[in-house]
$ cat target.pdb   # PDB, C-alpha atoms
ATOM      1  CA  MET A   1       1.715 -72.478-144.789
ATOM      2  CA  ASN A   2       3.565 -75.788-144.340
ATOM      3  CA  ALA A   3       6.832 -73.916-143.931
ATOM      4  CA  LEU A   4       5.239 -71.824-141.193
ATOM      5  CA  GLN A   5       3.966 -74.923-139.404
ATOM      6  CA  ALA A   6       7.407 -76.531-139.577
ATOM      7  CA  LYS A   7       8.974 -73.338-138.251
ATOM      8  CA  VAL A   8       6.490 -73.218-135.338
ATOM      9  CA  LYS A   9       7.102 -76.864-134.435
ATOM     10  CA  GLN A  10      10.875 -76.416-134.531
ATOM     11  CA  SER A  11      10.674 -73.258-132.402
ATOM     12  CA  LEU A  12       8.466 -74.985-129.831
ATOM     13  CA  ARG A  13      10.858 -77.931-129.581
ATOM     14  CA  GLU A  14      13.707 -75.532-128.912
ATOM     15  CA  ALA A  15      11.775 -73.435-126.364
ATOM     16  CA  HIS A  16      13.094 -73.851-122.836
ATOM     17  CA  ASP A  17      11.307 -71.261-120.744
ATOM     18  CA  ASP A  18       8.461 -68.750-120.700
ATOM     19  CA  GLN A  19      10.557 -66.084-122.466
ATOM     20  CA  ASP A  20      10.972 -68.410-125.449
ATOM     21  CA  LEU A  21       7.233 -69.024-125.519
ATOM     22  CA  TYR A  22       6.488 -65.299-125.467
ATOM     23  CA  ARG A  23       9.008 -64.772-128.270
ATOM     24  CA  ILE A  24       7.358 -67.522-130.334
ATOM     25  CA  ALA A  25       3.893 -66.061-129.701
ATOM     26  CA  GLU A  26       5.146 -62.645-130.830
ATOM     27  CA  GLU A  27       6.681 -64.181-133.954
ATOM     28  CA  MET A  28       3.420 -65.964-134.739
ATOM     29  CA  ALA A  29       1.438 -62.773-134.212
ATOM     30  CA  GLY A  30       3.883 -60.977-136.514
ATOM     31  CA  GLU A  31       3.518 -63.718-139.099
ATOM     32  CA  ALA A  32      -0.272 -63.502-138.832
ATOM     33  CA  GLU A  33      -0.049 -59.741-139.367
ATOM     34  CA  ARG A  34       2.249 -60.213-142.380
ATOM     35  CA  GLN A  35      -0.187 -62.685-143.874
ATOM     36  CA  ALA A  36      -3.048 -60.307-143.142
ATOM     37  CA  VAL A  37      -1.152 -57.616-145.069
ATOM     38  CA  GLU A  38      -0.666 -60.052-147.953
ATOM     39  CA  VAL A  39      -4.381 -60.897-147.872
ATOM     40  CA  LYS A  40      -5.213 -57.208-147.817
ATOM     41  CA  ALA A  41      -2.961 -56.606-150.840
ATOM     42  CA  LEU A  42      -4.603 -59.534-152.600
ATOM     43  CA  LYS A  43      -7.998 -58.161-151.655
ATOM     44  CA  GLU A  44      -7.116 -54.779-153.137
ATOM     45  CA  ARG A  45      -5.988 -56.414-156.370
ATOM     46  CA  VAL A  46      -9.231 -58.386-156.500
ATOM     47  CA  PHE A  47     -11.226 -55.219-155.847
ATOM     48  CA  ARG A  48      -9.435 -53.414-158.644
ATOM     49  CA  ALA A  49     -10.050 -56.314-160.996
ATOM     50  CA  MET A  50     -13.694 -56.487-159.940
ATOM     51  CA  LYS A  51     -14.034 -52.752-160.315
ATOM     52  CA  GLU A  52     -12.675 -52.874-163.834
ATOM     53  CA  LEU A  53     -14.918 -55.821-164.626
ATOM     54  CA  SER A  54     -17.990 -54.139-163.216
ATOM     55  CA  ARG A  55     -17.244 -50.916-165.118
ATOM     56  CA  SER A  56     -17.207 -52.898-168.274
ATOM     57  CA  ARG A  57     -20.595 -54.470-167.402
ATOM     58  CA  SER A  58     -22.638 -51.887-165.607
ATOM     59  CA  PRO A  59     -21.853 -49.057-163.217
ATOM     60  CA  HIS A  60     -24.820 -49.896-160.942
ATOM     61  CA  GLN A  61     -23.480 -53.200-159.490
ATOM     62  CA  GLU A  62     -19.986 -52.083-158.444
ATOM     63  CA  PRO A  63     -20.476 -51.116-154.754
ATOM     64  CA  GLU A  64     -22.583 -54.157-153.897
ATOM     65  CA  GLU A  65     -20.200 -56.701-155.454
ATOM     66  CA  MET A  66     -17.204 -55.065-153.852
ATOM     67  CA  SER A  67     -18.737 -55.064-150.396
ATOM     68  CA  VAL A  68     -19.597 -58.781-150.661
ATOM     69  CA  ALA A  69     -16.108 -59.639-151.889
ATOM     70  CA  GLN A  70     -14.543 -57.448-149.217
ATOM     71  CA  ARG A  71     -16.557 -59.146-146.454
ATOM     72  CA  GLU A  72     -15.573 -62.572-147.767
ATOM     73  CA  LEU A  73     -11.886 -61.662-147.887
ATOM     74  CA  GLU A  74     -11.983 -60.094-144.430
ATOM     75  CA  ALA A  75     -13.696 -63.181-143.022
ATOM     76  CA  GLU A  76     -11.061 -65.397-144.620
ATOM     77  CA  ALA A  77      -8.271 -63.210-143.200
ATOM     78  CA  GLN A  78      -9.833 -63.403-139.717
ATOM     79  CA  GLN A  79     -10.132 -67.193-139.963
ATOM     80  CA  LEU A  80      -6.513 -67.472-141.061
ATOM     81  CA  LYS A  81      -5.356 -65.287-138.182
ATOM     82  CA  LYS A  82      -7.509 -67.263-135.715
ATOM     83  CA  LYS A  83      -6.072 -70.588-136.934
ATOM     84  CA  LEU A  84      -2.508 -69.325-136.650
ATOM     85  CA  MET A  85      -3.097 -68.071-133.112
ATOM     86  CA  GLN A  86      -4.731 -71.382-132.105
ATOM     87  CA  LYS A  87      -1.779 -73.369-133.442
ATOM     88  CA  ALA A  88       0.689 -71.090-131.683
ATOM     89  CA  TRP A  89      -1.277 -71.441-128.435
ATOM     90  CA  GLN A  90      -1.414 -75.240-128.718
ATOM     91  CA  GLY A  91       2.313 -75.355-129.364
ATOM     92  CA  MET A  92       2.989 -73.194-126.332
ATOM     93  CA  LEU A  93       0.838 -75.439-124.147
ATOM     94  CA  GLU A  94       2.616 -78.578-125.363
ATOM     95  CA  SER A  95       5.970 -76.941-124.773
ATOM     96  CA  ARG A  96       4.909 -75.811-121.312
ATOM     97  CA  GLN A  97       3.849 -79.367-120.390
ATOM     98  CA  THR A  98       7.224 -80.708-121.485
ATOM     99  CA  ALA A  99       9.023 -77.994-119.553
ATOM    100  CA  GLU A 100       6.900 -78.731-116.469
ATOM    101  CA  LEU A 101       7.822 -82.416-116.646
ATOM    102  CA  GLU A 102      11.489 -81.510-116.924
ATOM    103  CA  ARG A 103      11.225 -79.186-113.914
ATOM    104  CA  THR A 104       9.468 -81.907-111.887
ATOM    105  CA  ALA A 105      12.174 -84.426-112.771
ATOM    106  CA  GLN A 106      14.844 -81.892-111.808
ATOM    107  CA  ARG A 107      13.167 -81.235-108.429
ATOM    108  CA  MET A 108      12.902 -84.965-107.745
ATOM    109  CA  ALA A 109      16.581 -85.454-108.597
ATOM    110  CA  GLU A 110      17.523 -82.607-106.256
ATOM    111  CA  GLN A 111      15.412 -84.089-103.447
ATOM    112  CA  LEU A 112      16.965 -87.521-103.913
ATOM    113  CA  GLN A 113      20.432 -85.992-103.890
ATOM    114  CA  ALA A 114      19.629 -84.089-100.689
ATOM    115  CA  GLN A 115      18.384 -87.301 -99.053
ATOM    116  CA  ALA A 116      21.499 -89.175-100.190
ATOM    117  CA  ASP A 117      23.721 -86.427 -98.788
ATOM    118  CA  ALA A 118      21.866 -86.519 -95.468
ATOM    119  CA  LEU A 119      22.190 -90.312 -95.280
ATOM    120  CA  LYS A 120      25.891 -90.089 -96.133
ATOM    121  CA  PHE A 121      26.385 -87.562 -93.346
ATOM    122  CA  LYS A 122      24.523 -89.786 -90.860
ATOM    123  CA  LEU A 123      26.632 -92.798 -91.850
ATOM    124  CA  GLN A 124      29.852 -90.821 -91.506
ATOM    125  CA  SER A 125      28.809 -89.483 -88.110
ATOM    126  CA  GLY A 126      27.780 -92.946 -86.920
ATOM    127  CA  LEU A 127      31.021 -94.558 -88.062
ATOM    128  CA  LEU A 128      33.081 -91.802 -86.478
ATOM    129  CA  GLN A 129      31.180 -92.189 -83.208
ATOM    130  CA  ALA A 130      31.630 -95.987 -83.325
ATOM    131  CA  HIS A 131      35.359 -95.501 -83.923
ATOM    132  CA  ARG A 132      35.652 -93.121 -80.983
ATOM    133  CA  THR A 133      33.840 -95.476 -78.613
ATOM    134  CA  GLY A 134      35.818 -98.521 -79.760
ATOM    135  CA  GLU A 135      32.818-100.305 -81.233
ATOM    136  CA  LEU A 136      34.526-100.594 -84.610
ATOM    137  CA  ARG A 137      37.410-102.575 -83.061
ATOM    138  CA  GLU A 138      34.950-104.864 -81.325
ATOM    139  CA  LEU A 139      33.119-105.433 -84.607
ATOM    140  CA  ARG A 140      36.427-106.096 -86.364
ATOM    141  CA  ASP A 141      37.410-108.668 -83.723
ATOM    142  CA  GLU A 142      34.010-110.378 -83.910
ATOM    143  CA  LEU A 143      34.226-110.498 -87.708
ATOM    144  CA  ALA A 144      37.726-112.005 -87.501
ATOM    145  CA  VAL A 145      36.428-114.767 -85.194
ATOM    146  CA  LEU A 146      33.494-115.405 -87.522
ATOM    147  CA  ALA A 147      35.823-115.598 -90.515
ATOM    148  CA  GLN A 148      38.060-118.077 -88.701
ATOM    149  CA  ASN A 149      35.054-120.216 -87.733
ATOM    150  CA  ALA A 150      33.767-120.081 -91.289
ATOM    151  CA  SER A 151      37.093-121.326 -92.653
ATOM    152  CA  GLN A 152      37.092-124.178 -90.145
ATOM    153  CA  LEU A 153      33.533-125.055 -91.132
ATOM    154  CA  ASP A 154      34.626-125.085 -94.764
ATOM    155  CA  GLU A 155      37.401-127.510 -93.899
ATOM    156  CA  THR A 156      34.958-129.744 -92.006
ATOM    157  CA  ALA A 157      32.475-129.649 -94.874
ATOM    158  CA  ALA A 158      35.237-130.599 -97.308
ATOM    159  CA  ALA A 159      36.233-133.500 -95.089
ATOM    160  CA  VAL A 160      32.641-134.747 -94.926
ATOM    161  CA  ALA A 161      32.359-134.406 -98.671
ATOM    162  CA  ARG A 162      35.524-136.512 -99.135
ATOM    163  CA  GLY A 163      34.070-139.163 -96.879
ATOM    164  CA  ASP A 164      36.447-138.722 -93.955
ATOM    165  CA  ALA A 165      34.863-140.587 -91.093
ATOM    166  CA  ARG A 166      36.628-138.643 -88.392
ATOM    167  CA  ILE A 167      35.295-135.226 -87.870
ATOM    168  CA  SER A 168      37.152-133.377 -85.210
ATOM    169  CA  ARG A 169      35.118-131.629 -82.572
ATOM    170  CA  SER A 170      37.841-129.131 -81.805
ATOM    171  CA  HIS A 171      35.268-126.398 -82.021
ATOM    172  CA  PRO A 172      32.214-127.254 -79.971
ATOM    173  CA  GLU A 173      28.804-126.238 -81.137
ATOM    174  CA  PRO A 174      27.436-123.038 -79.579
ATOM    175  CA  ASP A 175      24.671-125.041 -77.880
ATOM    176  CA  ASP A 176      27.312-127.288 -76.259
ATOM    177  CA  GLU A 177      29.103-124.223 -74.848
ATOM    178  CA  ALA A 178      25.836-122.870 -73.430
ATOM    179  CA  ALA A 179      25.086-126.266 -71.819
ATOM    180  CA  ARG A 180      28.577-126.456 -70.183
ATOM    181  CA  ALA A 181      28.327-122.885 -68.970
ATOM    182  CA  SER A 182      24.991-123.611 -67.282
ATOM    183  CA  ARG A 183      26.425-126.749 -65.589
ATOM    184  CA  THR A 184      29.369-124.868 -64.139
ATOM    185  CA  LYS A 185      27.184-122.233 -62.549
TER
END

$ encode --input "target.pdb" --output "structure tokens"
Amino acid sequence: MNALQAKVKQSLREAHDDQDLYRIAEEMAGEAERQAVEVKALKERVFRAMKELSRSRSPHQEPEEMSVAQRELEAEAQQLKKKLMQKAWQGMLESRQTAELERTAQRMAEQLQAQADALKFKLQSGLLQAHRTGELRELRDELAVLAQNASQLDETAAAVARGDARISRSHPEPDDEAARASRTK
């Protein structure tokens, strides 16, 4: 029985789709039928032994004892079959839940990839449009001016850090430029 349980667990771990689950269910049903045949063979051996025993005792008790024993064995066989089917069903459900989670993760990955592709396309289109209209050159020029100003600010900051008293005002503050521009108007 333990070997059967191990086999069922291994099969359920390896199941990837509904076809695998149906195959496993069929295998479990086949195994239940094989065990039922074994139980039936055992039952027949028990009946023969009981029959021989009852013949040696008294011929009047044979049918009654056999029917009781037969009912008990049939009930046990039904319980065994029911347990096997329940375990197979539980395994299929667990496998289905795992497969469902994998499918959900796959769908989410596909959606994210589609969104990334759409964003990439929008960025490419926007950059191409900006290049065609000359906006990229303007941005490049503005960034070059900002980089030059940043390097000059670094030099000024280094001079202040060294303690140089003279700080050149070769580059007026933006507020100073705005004030001069308003005076000239």

$ resolve_selection --input "target.pdb" --expression "the PyMOL selection byres ((chain A and resi 88) around 12)" --output "number ranges by chain"
A: 4-12, 21-32, 81-87, 89-95

$ atom_distance --input "target.pdb" --atom1 "atom CA of A:Leu136" --atom2 "atom CA of A:Gln124"
12.8 Å

$ atom_distance --input "target.pdb" --atom1 "atom CA of A:Leu80" --atom2 "atom CA of A:Arg48"
22.7 Å

$ residues_around --input "target.pdb" --residues "stretch 65-77 of chain A" --least-positions-apart "5" --cutoff "9 Å" --atoms "all atoms listed in the file" --output "number ranges by chain"
A: 35-36, 39-40, 42-44, 46-47, 50-51, 54, 82

$ atom_distance --input "target.pdb" --atom1 "atom CA of A:Gln78" --atom2 "atom CA of A:Arg13"
27.2 Å

$ closest_residue --input "target.pdb" --among "A:Lys122, A:Arg162, A:Arg132, A:Arg96" --to "A:Gln19" --atoms "all atoms listed in the file"
A:Arg96
